[in-house]
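*Asks:* Quick one: the structure is below, and I'll ask about it shortly.
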Amino acid sequence: MRVIEPWVADPLQRFLAESSARLVLLTTSSGQVVAQHGFTRALDVMSAAALGAAIMASTDELGRITASGASRALSHQGPSRGVFLSGFDVPQGRWIGLVVYDHDSSLGLVRLFFDRLVGELTALAPVETPAREVLAADFENELNASLRSLFGR
Amino acid sequence: MNVDLAGALELITRVVGVRGAMVVSADEGLVVAESSMDGIEGAAVAALTAGVVSRLTRATAAAGRSAPAFVHLQAEGGSLLAVPAAEDLLVVAVTDPDVNVGLVRLELRRMAEQLA
């Protein structure tokens with residue numbers, strides 16, 4: 001597990017232990033990677049962060065068009081692995097969580113413990129200045145900066 | 001499958017000492033239907049019960065035994081009973097400590113047979 005924000009480490013460690021998730025990626029909606037577990041290549045983190053943000057943006061827009069509101073979470077069940085993607089608000093702004101799990105876990109367990117993770121992150125988050133508007137250029141810059149911090153490149 | 005889930009769960013919760021009953025998707029650990037789960041976090045019970053039954057099933061398979069037909073988790077404050085059913089479902093009951101386990105098991109199995 002690698003974290004950019006140290007206060008995220010303990011709640012995320014508990015989530016990993018309780019949910020038995022294989023891969024976890026926490027990013028801000030501006031593309032900054034907050035923490036990751038299970039990824040071995042920066043390229044994979046970059047792809048997952050970009051795809052996760054794009055999916056959440058698409059589903060939020062779909063929710064707006066259909067008047068069903070912003071999406072909270074969505075999941076995909078493959079033959080051997082499942083993917084859970086959720087947007088949530090912390091005092092720092094909107095974050096996105098991407099979780100990949102397999103037969104050692106289930107969607108129910110991931111959802112249950114992810115909700116608890118969000119609760120803990122919200123309670124532990126240091127008070128900071130409100131999030132600014134996300135621009136496309138910021139997304140790429142912040143993603144690259146956080147990948148350099150996580151993978152030392 | 002054409003089963004009145006609410007009615008069938010009602011028969012389980014009618015047993016004295018049963019605090020709630022639910023049908024859970026075993027693979028996903030999600031609630032399919034529930035009855036009288038006041039004061040009980042249904043989603044949590046569903047997720048954790050499915051996880052326990054899944055691990056027990058793998059443990060019995062590793063030991064060369066067939067999958068569990070009835071799971072009874074006994075705790076100080078009560079019991080959790082689960083019976084696997086067809087269609088990858090579990091029928092689950094949460095009970096007080098002094099419940100008639102045999103009677104609840106009978107009702108759980110009856111419902112599991114209806115789900116077949």
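Letters for chains follow the order of the structure tokens (A, B, ...), residue numbers begin at 1 for each chain, and ligand numbers begin at 1 in the order shown.
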Report as a list in words all protein, DNA and RNA residues lying within 12 Å of Asp10 of chain A, evaluated on only C-alpha atoms, omitting residues in the same chain fewer than 6 positions from it.

*Replies:*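 Listed by chain and then number, they are Met1, Arg2, Val3, Leu16, Ala17, Ala35, Leu117, Glu120, Leu121 and Leu124 of chain A.
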
*Asks:* Mind the document's chain letters and residue numbers, and return as a PyMOL selection string the residues of segment 79-118 of chain A that DSSP labels helix (DSSP H, G or I).

*Replies:* chain A and resi 107-118

*Asks:* Tell me, counting only C-alpha atoms, for each residue of chain B within 10 Å of chain A, which pair of atoms is nearest and how far apart they are in Å to one decimal, in rows ordered by chain and increasing number, as JSON lines.

*Replies:*
{"residue": "B:Val24", "atom": "CA", "partner": "A:Gly108", "partner_atom": "CA", "distance": 9.9}
{"residue": "B:Ser25", "atom": "CA", "partner": "A:Gly108", "partner_atom": "CA", "distance": 9.2}
{"residue": "B:Ala26", "atom": "CA", "partner": "A:Ser106", "partner_atom": "CA", "distance": 8.8}
{"residue": "B:Asp27", "atom": "CA", "partner": "A:Ser106", "partner_atom": "CA", "distance": 6.5}
{"residue": "B:Glu28", "atom": "CA", "partner": "A:Ser106", "partner_atom": "CA", "distance": 4.9}
{"residue": "B:Gly29", "atom": "CA", "partner": "A:Gly108", "partner_atom": "CA", "distance": 4.5}
{"residue": "B:Leu30", "atom": "CA", "partner": "A:Gly108", "partner_atom": "CA", "distance": 5.2}
{"residue": "B:Val31", "atom": "CA", "partner": "A:Gly108", "partner_atom": "CA", "distance": 8.5}
{"residue": "B:Ala43", "atom": "CA", "partner": "A:Leu112", "partner_atom": "CA", "distance": 7.2}
{"residue": "B:Ala44", "atom": "CA", "partner": "A:Leu112", "partner_atom": "CA", "distance": 6.2}
{"residue": "B:Val45", "atom": "CA", "partner": "A:Gly108", "partner_atom": "CA", "distance": 9.5}
{"residue": "B:Ala46", "atom": "CA", "partner": "A:Gly108", "partner_atom": "CA", "distance": 7.3}
{"residue": "B:Ala47", "atom": "CA", "partner": "A:Gly108", "partner_atom": "CA", "distance": 4.6}
{"residue": "B:Leu48", "atom": "CA", "partner": "A:Leu109", "partner_atom": "CA", "distance": 6.6}
{"residue": "B:Thr49", "atom": "CA", "partner": "A:Leu109", "partner_atom": "CA", "distance": 9.7}
{"residue": "B:Ala50", "atom": "CA", "partner": "A:Ser106", "partner_atom": "CA", "distance": 8.2}
{"residue": "B:Gly51", "atom": "CA", "partner": "A:Ser105", "partner_atom": "CA", "distance": 6.8}
{"residue": "B:Ser54", "atom": "CA", "partner": "A:Asp104", "partner_atom": "CA", "distance": 8.5}
{"residue": "B:Arg55", "atom": "CA", "partner": "A:Asp104", "partner_atom": "CA", "distance": 8.1}

*Asks:* Enter the distance from atom CA of Leu90 of chain B to atom CA of Glu34 of chain B, in Å, rounded to one decimal.

*Replies:* 11.6 Å

*Asks:* Could you tell me how far atom CA of Leu12 of chain A sits from atom CA of Trp95 of chain A, in Å to one decimal place?

*Replies:*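 A separation of 13.9 Å between them.
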
*Asks:* Run DSSP on the backbone and give me the residues of chain B it puts in strand (DSSP E), as a ChimeraX atom specification.

*Replies:* /B:18-25,30-35,71-75,78-85,89-95

*Asks:* Find the spatial neighbours of Val15 of chain B, counting only C-alpha atoms, within a cut-off of 12 Å - ignore same-chain residues fewer than 2 positions away - and output them as a ChimeraX atom specification.

*Replies:* /B:9-13,17-21,36,93-96,98-108

*Asks:* Could you list, as a count of residues only, every residue within 12 Å of Ala73 of chain A, counting only C-alpha atoms and ignoring same-chain residues fewer than 4 positions away?

*Replies:* 24

*Asks:* Rounded to one decimal place, report the atom CA of Asp4 of chain B-atom CA of Ile40 of chain B distance in Å.

*Replies:*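 Taking atom CA of Asp4 of chain B and atom CA of Ile40 of chain B, their separation equals 22.5 Å.
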
*Asks:* Can you tell me which residues surround Phe139 of chain A at a distance of at most 9 Å, considering only C-alpha atoms, apart from same-chain residues fewer than 6 positions away, and format the answer as a CSV table (one decimal) with C-alpha atoms, in the first residue's frame?

*Replies:*
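So around.csv came out as:
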chain,number,residue,atom,x,y,z
A,29,SER,CA,-11.7,14.2,-8.9
A,30,SER,CA,-8.8,16.3,-10.2
A,31,GLY,CA,-6.7,13.2,-10.8
A,32,GLN,CA,-4.4,13.3,-7.9
A,50,ALA,CA,-8.3,8.3,-15.8

*Asks:* Using only C-alpha atoms, which of the listed residues (B:Glu76, B:Val23, B:Ser35, B:Gly42) sits closest to Leu89 of chain B?

*Replies:*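 Residue with the minimum atom-to-atom distance to Leu89 of chain B: B:Val23.
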
*Asks:* Which is closer to Ala21 of chain A than all the others in A:Tyr101, A:Val118, A:Pro6, A:Ala145, using only C-alpha atoms?

*Replies:* A:Tyr101

*Asks:* I'd like the contact shell of Ser149 of chain A - 10 Å cut-off, only C-alpha atoms, skipping same-chain residues fewer than 2 positions apart - returned as a list in words.

*Replies:*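 The residues that qualify are Arg2, Val3, Ile4, Val33, Leu143, Asn144, Ala145, Ser146, Leu147, Phe151, Gly152 and Arg153 of chain A.
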
*Asks:* How would the residues just chosen look if you wrote them out with N, CA and C atoms as a tab-separated table (two decimals), in the first residue's frame?

*Replies:*
chain	number	residue	atom	x	y	z
A	2	ARG	N	0.54	2.21	-0.82
A	2	ARG	CA	1.26	3.47	-0.85
A	2	ARG	C	0.27	4.62	-0.73
A	3	VAL	N	0.60	5.59	0.12
A	3	VAL	CA	-0.32	6.70	0.33
A	3	VAL	C	0.41	8.02	0.17
A	4	ILE	N	-0.30	8.99	-0.35
A	4	ILE	CA	0.24	10.35	-0.45
A	4	ILE	C	-0.13	11.12	0.82
A	33	VAL	N	-3.61	11.13	-7.23
A	33	VAL	CA	-3.73	9.84	-6.56
A	33	VAL	C	-3.46	10.04	-5.07
A	143	LEU	N	-2.26	14.17	-11.75
A	143	LEU	CA	-2.09	12.72	-11.86
A	143	LEU	C	-0.62	12.38	-12.01
A	144	ASN	N	0.07	13.10	-12.89
A	144	ASN	CA	1.49	12.83	-13.10
A	144	ASN	C	2.31	13.11	-11.84
A	145	ALA	N	1.96	14.19	-11.13
A	145	ALA	CA	2.70	14.53	-9.91
A	145	ALA	C	2.52	13.45	-8.84
A	146	SER	N	1.30	12.97	-8.70
A	146	SER	CA	1.07	11.96	-7.67
A	146	SER	C	1.70	10.62	-8.05
A	147	LEU	N	1.75	10.32	-9.34
A	147	LEU	CA	2.41	9.08	-9.78
A	147	LEU	C	3.91	9.14	-9.51
A	151	PHE	N	5.52	6.28	-7.27
A	151	PHE	CA	6.41	5.32	-7.90
A	151	PHE	C	7.83	5.86	-8.06
A	152	GLY	N	8.08	7.07	-7.62
A	152	GLY	CA	9.42	7.63	-7.63
A	152	GLY	C	9.96	7.89	-9.01
A	153	ARG	N	9.08	8.26	-9.95
A	153	ARG	CA	9.56	8.57	-11.30
A	153	ARG	C	9.21	10.00	-11.67

*Asks:* Between A:Ser20, A:Gln13, A:Thr28, A:Thr66, which is the closest to Glu142 of chain A once you count only C-alpha atoms?

*Replies:*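 Among the listed residues, the smallest separation from Glu142 of chain A belongs to A:Thr28.
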